[in-house]
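What follows is the content of upload_18.txt (compact mmCIF, C-alpha atoms).
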```
# COMPACT_ATOMS: atom_id res chain seq x y z
CA GLY A 487 56.14 64.22 78.46
CA LEU A 488 54.53 64.89 81.85
CA ALA A 489 53.87 62.39 84.63
CA ARG A 490 52.45 62.52 88.15
CA CYS A 491 53.34 60.08 90.95
CA THR A 492 50.64 59.45 93.59
CA ASN A 493 51.09 56.85 96.35
CA GLY A 494 53.95 55.28 94.42
CA VAL A 495 51.96 55.00 91.17
CA ILE A 496 53.16 56.99 88.14
CA HIS A 497 50.49 58.36 85.77
CA ARG A 498 51.43 59.86 82.41
CA VAL A 499 49.43 62.97 81.42
CA THR A 500 47.79 62.83 77.98
CA PRO A 501 46.40 65.60 75.71
CA GLU A 502 42.89 64.33 76.48
CA GLU A 503 43.32 65.72 80.01
CA GLY A 504 43.43 69.29 78.68
CA LEU A 505 47.15 70.07 78.26
CA PRO A 506 47.53 70.98 74.55
CA ASP A 507 51.29 70.36 74.52
CA ILE A 508 52.40 67.40 76.67
CA HIS A 509 56.09 68.05 75.94
CA ALA A 510 56.78 69.73 79.29
CA THR A 511 59.97 71.79 79.55
CA ALA A 512 59.54 73.07 83.14
CA ILE A 513 57.40 72.57 86.26
CA GLY A 514 56.62 75.12 88.98
CA ALA A 515 54.99 72.92 91.60
CA ASN A 516 54.34 75.49 94.33
CA ALA A 517 53.17 78.44 92.25
CA PRO A 518 50.28 80.47 93.74
CA GLY A 519 47.01 79.33 92.21
CA GLY A 520 48.27 75.89 91.25
CA PRO A 521 51.23 74.16 89.59
CA LEU A 522 52.64 75.75 86.43
CA ILE A 523 53.73 73.72 83.42
CA GLY A 524 56.07 75.24 80.84
CA THR A 525 56.00 73.90 77.27
CA ARG A 526 57.43 75.01 73.94
CA SER A 527 54.01 76.39 72.98
CA GLY A 528 53.35 78.35 76.18
CA MET A 529 52.78 78.13 79.92
CA TYR A 530 49.80 76.45 81.58
CA ARG A 531 48.40 76.33 85.11
CA TYR A 532 46.86 73.20 86.63
CA SER A 533 43.93 74.14 88.85
CA ASN A 534 40.85 72.21 89.99
CA GLY A 535 41.70 69.31 87.72
CA HIS A 536 42.08 71.44 84.57
CA PHE A 537 44.89 73.06 82.58
CA GLU A 538 44.55 76.70 81.53
CA ALA A 539 46.88 78.94 79.51
CA VAL A 540 48.83 81.67 81.35
CA ALA A 541 48.91 85.03 79.59
CA GLY A 542 51.93 87.37 79.57
CA ALA A 543 54.48 84.67 80.37
CA GLY A 544 57.39 86.42 78.62
CA GLY A 545 57.33 84.61 75.31
CA GLN A 546 59.62 87.25 73.76
CA TYR A 547 62.52 85.50 75.52
CA GLY A 548 61.67 82.05 74.13
CA PHE A 549 59.99 79.24 76.03
CA ALA A 550 60.33 78.52 79.76
CA GLU A 551 62.98 75.91 80.55
CA GLN A 552 62.99 76.49 84.32
CA LEU A 553 60.34 77.67 86.79
CA LEU A 554 60.85 78.55 90.45
CA SER A 555 58.15 79.69 92.88
CA ALA A 556 60.06 81.57 95.58
CA GLN A 557 59.17 81.91 99.25
CA ASP A 558 58.20 85.58 98.81
CA GLY A 559 55.54 84.70 96.22
CA SER A 560 57.62 85.71 93.21
CA LEU A 561 57.98 83.52 90.12
CA TRP A 562 61.40 83.05 88.53
CA ILE A 563 61.51 81.95 84.89
CA GLY A 564 64.60 80.71 83.05
CA PHE A 565 64.04 81.05 79.30
CA SER A 566 65.56 79.17 76.38
CA SER A 567 67.36 82.37 75.35
CA GLY A 568 69.42 82.32 78.59
CA VAL A 569 67.43 85.15 80.22
CA ILE A 570 66.13 84.91 83.80
CA VAL A 571 63.01 86.92 84.66
CA ARG A 572 61.53 87.55 88.11
CA ARG A 573 57.76 88.13 88.17
CA GLN A 574 55.78 89.37 91.15
CA GLY A 575 52.28 90.70 90.88
CA GLY A 576 52.08 92.55 87.58
CA ASP A 577 55.79 93.39 87.44
CA ALA A 578 58.46 91.47 85.51
CA LYS A 579 62.19 92.20 85.63
CA VAL A 580 65.18 90.65 83.88
CA VAL A 581 67.80 89.67 86.49
CA PRO A 582 71.37 90.34 85.28
CA PHE A 583 74.54 88.25 85.59
CA ARG A 584 77.86 89.71 86.74
CA GLY A 585 79.69 89.99 83.41
CA HIS A 586 78.19 88.37 80.32
CA ARG A 587 78.72 84.62 80.29
CA GLY A 588 75.37 83.38 79.02
CA GLY A 589 74.49 79.76 78.38
CA GLN A 590 71.56 77.44 78.83
CA ILE A 591 69.78 77.70 82.18
CA HIS A 592 69.67 74.14 83.50
CA ARG A 593 68.15 74.84 86.92
CA LEU A 594 66.73 77.56 89.17
CA TYR A 595 66.73 76.73 92.87
CA GLN A 596 65.97 78.37 96.22
CA ASP A 597 67.82 76.96 99.22
CA PRO A 598 66.25 76.59 102.70
CA HIS A 599 67.78 79.95 103.72
CA GLY A 600 66.09 81.82 100.85
CA GLY A 601 69.11 82.07 98.54
CA ILE A 602 68.43 81.90 94.79
CA TRP A 603 70.78 79.74 92.71
CA ALA A 604 71.09 79.12 88.98
CA ALA A 605 72.94 76.40 87.07
CA VAL A 606 73.96 78.11 83.83
CA GLY A 607 76.06 76.40 81.18
CA LYS A 608 79.00 74.85 83.04
CA GLY A 609 78.78 77.22 85.99
CA ILE A 610 76.83 77.83 89.19
CA GLU A 611 75.45 81.27 90.04
CA LYS A 612 73.96 82.68 93.24
CA LEU A 613 71.94 85.86 93.60
CA GLU A 614 73.79 88.59 95.53
CA ASP A 615 72.32 92.11 95.81
CA GLY A 616 70.07 91.60 92.79
CA VAL A 617 72.81 90.21 90.52
CA PHE A 618 73.81 86.60 89.82
CA GLU A 619 77.42 86.00 90.88
CA PRO A 620 79.53 82.91 90.00
CA VAL A 621 80.00 80.28 92.70
CA LEU A 622 83.17 78.17 92.61
CA ARG A 623 84.58 75.47 94.82
CA GLU A 624 87.19 76.45 97.36
CA SER A 625 89.93 75.38 94.93
CA GLY A 626 88.65 77.91 92.39
CA SER A 627 87.93 75.25 89.76
CA PRO A 628 84.45 74.68 88.32
CA PRO A 629 82.41 71.52 89.00
CA PRO A 630 83.33 68.43 86.95
CA GLY A 631 81.00 69.05 83.98
CA ALA A 632 77.85 71.02 83.26
CA VAL A 633 75.57 71.30 86.30
CA TYR A 634 71.96 70.32 85.58
CA SER A 635 70.55 70.64 89.09
CA ILE A 636 71.29 72.02 92.56
CA LEU A 637 70.04 70.96 95.99
CA MET A 638 71.04 72.02 99.50
CA ASP A 639 70.12 69.23 101.91
CA ARG A 640 69.24 69.45 105.58
CA GLU A 641 72.89 69.10 106.54
CA ALA A 642 73.79 72.12 104.35
CA GLY A 643 75.50 69.88 101.81
CA VAL A 644 75.06 71.04 98.21
CA TRP A 645 74.14 68.34 95.67
CA LEU A 646 75.02 68.93 92.02
CA GLY A 647 73.44 66.88 89.23
CA LEU A 648 76.07 66.66 86.48
CA GLN A 649 75.61 66.30 82.73
CA SER A 650 77.64 63.11 82.34
CA ASN A 651 79.39 62.40 85.66
CA GLY A 652 76.52 61.34 87.92
CA VAL A 653 75.85 63.51 90.97
CA ALA A 654 78.26 65.33 93.29
CA ARG A 655 77.84 66.41 96.89
CA LEU A 656 79.77 69.38 98.21
CA ARG A 657 80.08 69.33 101.98
CA VAL A 658 82.74 70.93 104.15
CA SER A 659 84.79 71.54 101.01
CA GLN A 660 84.79 67.83 100.08
CA LEU A 661 83.20 66.73 96.80
CA THR A 662 81.97 63.13 96.45
CA THR A 663 80.11 61.58 93.52
CA LEU A 664 77.49 58.88 92.81
CA ALA A 665 77.39 57.31 89.35
CA GLU A 666 75.89 54.46 87.34
CA GLU A 667 78.40 52.03 88.85
CA ASP A 668 76.94 52.93 92.28
CA GLY A 669 73.39 52.10 91.18
CA LEU A 670 72.12 55.16 89.32
CA PRO A 671 70.08 54.38 86.17
CA ASP A 672 72.43 56.59 84.15
CA ASP A 673 75.41 58.92 84.64
CA ARG A 674 73.62 61.85 82.96
CA ALA A 675 71.91 63.41 86.02
CA ARG A 676 69.19 65.91 85.15
CA SER A 677 67.50 66.76 88.47
CA VAL A 678 67.88 66.28 92.23
CA TYR A 679 65.08 66.73 94.77
CA GLN A 680 64.83 66.19 98.54
CA ASP A 681 61.35 65.21 99.70
CA SER A 682 59.62 65.99 103.00
CA ARG A 683 61.09 62.81 104.51
CA GLY A 684 64.66 63.86 103.71
CA ARG A 685 65.16 61.37 100.88
CA ALA A 686 66.99 62.40 97.70
CA TRP A 687 65.33 61.71 94.33
CA ILE A 688 67.71 61.73 91.35
CA GLY A 689 66.38 62.11 87.81
CA THR A 690 68.65 61.00 84.98
CA ALA A 691 68.49 60.84 81.19
CA ASP A 692 67.50 57.17 81.46
CA GLY A 693 65.57 56.74 84.68
CA LEU A 694 64.63 57.88 88.21
CA ALA A 695 66.35 56.80 91.43
CA LEU A 696 65.72 57.21 95.15
CA TYR A 697 68.70 57.69 97.49
CA ALA A 698 67.94 56.95 101.14
CA GLY A 699 69.89 55.44 104.00
CA GLY A 700 73.04 55.32 101.87
CA ALA A 701 71.39 53.08 99.24
CA ILE A 702 70.13 53.77 95.71
CA ARG A 703 66.85 52.28 94.41
CA LYS A 704 65.64 52.63 90.82
CA ILE A 705 62.01 53.79 90.40
CA THR A 706 59.82 52.58 87.52
CA ASP A 707 56.23 53.07 86.40
CA ARG A 708 53.53 50.46 87.08
CA SER A 709 54.53 48.47 83.97
CA GLY A 710 58.11 48.23 85.19
CA ALA A 711 59.47 50.64 82.58
CA GLN A 712 62.01 53.30 83.52
CA LEU A 713 61.14 56.96 83.03
CA TRP A 714 63.15 58.65 80.32
CA ASP A 715 64.95 62.00 80.70
CA VAL A 716 63.64 63.08 84.13
CA ARG A 717 64.37 66.81 84.24
CA SER A 718 61.93 67.98 86.95
CA ILE A 719 60.78 66.41 90.23
CA ALA A 720 58.24 67.95 92.61
CA GLU A 721 56.19 66.94 95.66
CA ASP A 722 52.67 68.36 96.04
```
With the file now loaded, output its structure as structure tokens.
Amino acid sequence: GLARCTNGVIHRVTPEEGLPDIHATAIGANAPGGPLIGTRSGMYRYSNGHFEAVAGAGGQYGFAEQLLSAQDGSLWIGFSSGVIVRRQGGDAKVVPFRGHRGGQIHRLYQDPHGGIWAAVGKGIEKLEDGVFEPVLRESGSPPPGAVYSILMDREAGVWLGLQSNGVARLRVSQLTTLAEEDGLPDDRARSVYQDSRGRAWIGTADGLALYAGGAIRKITDRSGAQLWDVRSIAED
């Protein structure tokens, strides 16, 4: 489904509000012209209180699983087929990987320095000279499990949301983790987001949490129910 949080209140979007398919697969919050919503039946833009279909969204590659609005105005789309497309203006280009590893695209992310990252399968990729290159820890080993999200915080630490091992933070070559036993709703982290106040929001398969001041707080909707399978978080 799709939900919007305003002043601490979570509202769930319904078909009656104009979105034909409420099973959202991706959100592009900062896209020019208004937020973009990817679904299995197509892509839609939210503008002036209404949802409208987006034509020419690359349906030949499947449906959009990840959306990224980059600082240069381009739109990056990660499709269910494992293809990443960069769109700017009327041009669209498939961005290659070094070698052919493939796999599901769990996250597209742009760091504060403009670097483009992708969590693909059980690996992490970063764009270098127009090609995605693998990123490994200093030891040369991959992260502990499939990476579902990436975030570089204000201290240049890199947060990794892991499929079944909570979240990890890579900083000065040291990797630390937060898990359900530390207060997360679930160990299956799906998304990580840092808001304008520097707080980290962690979406999991069974709830949403806020990490601030070294403490974890679970976030629920107005009825007290936890949100299920939080794969995208955005601040408008």
So how many Å separate atom CA of A:Ser635 and atom CA of A:Arg593, to one decimal?
->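 Taking atom CA of A:Ser635 and atom CA of A:Arg593, their separation equals 5.3 Å.
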Find the residue from A:Gln552, A:Gln546, A:Gln680, A:Ser560 that sits nearest to A:Thr525; use only C-alpha atoms when measuring.
->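 Ranked by minimum distance to A:Thr525, first place goes to A:Gln552.
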Do you know which residues are at most 12 Å from A:Gln574 counting only C-alpha atoms, after dropping those on the same chain fewer than 5 positions away, and could you put them as a list of chain:residue names?
->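 With the cut-off at 12 Å, the set is A:Ala517, A:Pro518, A:Ala543, A:Leu554, A:Ser555, A:Ala556, A:Gln557, A:Asp558, A:Gly559, A:Ser560, A:Leu561, A:Trp562, A:Ile563, A:Lys579, A:Val580.
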May I have the centre and edge lengths, in Å to one decimal, of an axis-aligned box around the listed atoms of stretch 592-604 of chain A with 8 Å added to every side, as AutoDock Vina command-line options?
```
--center_x 68.5 --center_y 78.1 --center_z 93.6 --size_x 21.1 --size_y 23.9 --size_z 36.2
```
Within 9 Å of A:Glu503, counting all atoms listed in the file, which residues qualify if same-chain residues fewer than 6 places away don't, as number ranges by chain?
-> A: 535-537
Show me a table, sorted first by chain and then by increasing residue number, of the residues of stretch 681-705 of chain A having an atom at most 9 Å from stretch 641-650 of chain A, each with its shortest atom pair and the distance in Å to one decimal, counting all atoms listed in the file and written as CSV.
```
residue,atom,partner,partner_atom,distance
A:Ile688,CA,A:Gly647,CA,8.0
A:Gly689,CA,A:Gly647,CA,8.6
A:Thr690,CA,A:Gly647,CA,8.7
```
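You can rank A:Gln590, A:Thr663, A:Gln596, A:Thr500 by their closest distance to A:Ser567 using all atoms listed in the file, and at the top of that list sits A:Gln590.
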Pairwise distance for atom CA of A:Ala539 and atom CA of A:Ala512, rounded to one decimal in Å =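 Computed distance, atom CA of A:Ala539 to atom CA of A:Ala512, equals 14.4 Å.
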In Å, how far is it from atom CA of A:His592 to atom CA of A:Ser677?
->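 These atoms are spaced 9.2 Å apart.
Distances to A:Phe583 were evaluated for A:Glu551, A:Ile513, A:Gly607, A:Pro620 using only C-alpha atoms, and the minimum falls at A:Pro620.
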Please provide the set of residues having any atom within 12 Å of A:Asp639, restricted to only C-alpha atoms, with same-chain residues fewer than 5 positions apart removed, written as a list in words.
->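 So, after excluding close chain neighbours, the residues are Gln596, Asp597, Pro598, His599, Val644, Trp645, Leu646, Arg655, Leu656, Arg657, Val678, Tyr679, Gln680, Asp681, Ser682, Arg683, Gly684, Arg685, Ala686 and Trp687 of chain A.
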With all atoms listed in the file as the basis for distance, which of A:Leu594, A:Ala711, A:Ile610, A:Leu696 is at the shortest distance from A:Leu553?
->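 Comparing A:Leu594, A:Ala711, A:Ile610, A:Leu696 against A:Leu553, the winner is A:Leu594.
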Residue neighbourhood A:Trp603, 6 Å, only C-alpha atoms, exclusion window fewer than 4 positions, as a list in words |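 Returned residues: Leu594, Tyr595, Glu611 and Lys612 of chain A.
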For A:Ser533: contacts at 9 Å, only C-alpha atoms, fewer than 6 positions along chain excluded, given as number ranges by chain | A: 519-521
Proximity to A:Ala541 - best of A:Val571, A:Gly652, A:Gly576, A:Ser718, all atoms listed in the file =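 Selected residue with least distance to A:Ala541: A:Gly576.
Taking all atoms listed in the file into account, the polymer residues that have an atom no farther than 12 Å from (80.9, 61.1, 84.0) are Pro629, Pro630, Gly631, Ala632, Val633, Gly647, Leu648, Gln649, Ser650, Asn651, Gly652, Val653, Ala654, Thr663, Leu664, Ala665, Glu666, Glu667, Leu670, Asp672, Asp673, Arg674 and Ala675 of chain A.
Using all atoms listed in the file, the shortest contact distance between A:Ile636 and any of A:Ala578, A:Val495, A:Val617, A:Val606 is found at A:Val606.
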Show me as a list in words the residues that reach within 6 Å of (48.3, 72.4, 78.0), counting all atoms listed in the file and using the file's own coordinates.
-> Gly504, Leu505, Pro506, Asp507, Tyr530 and Phe537 of chain A
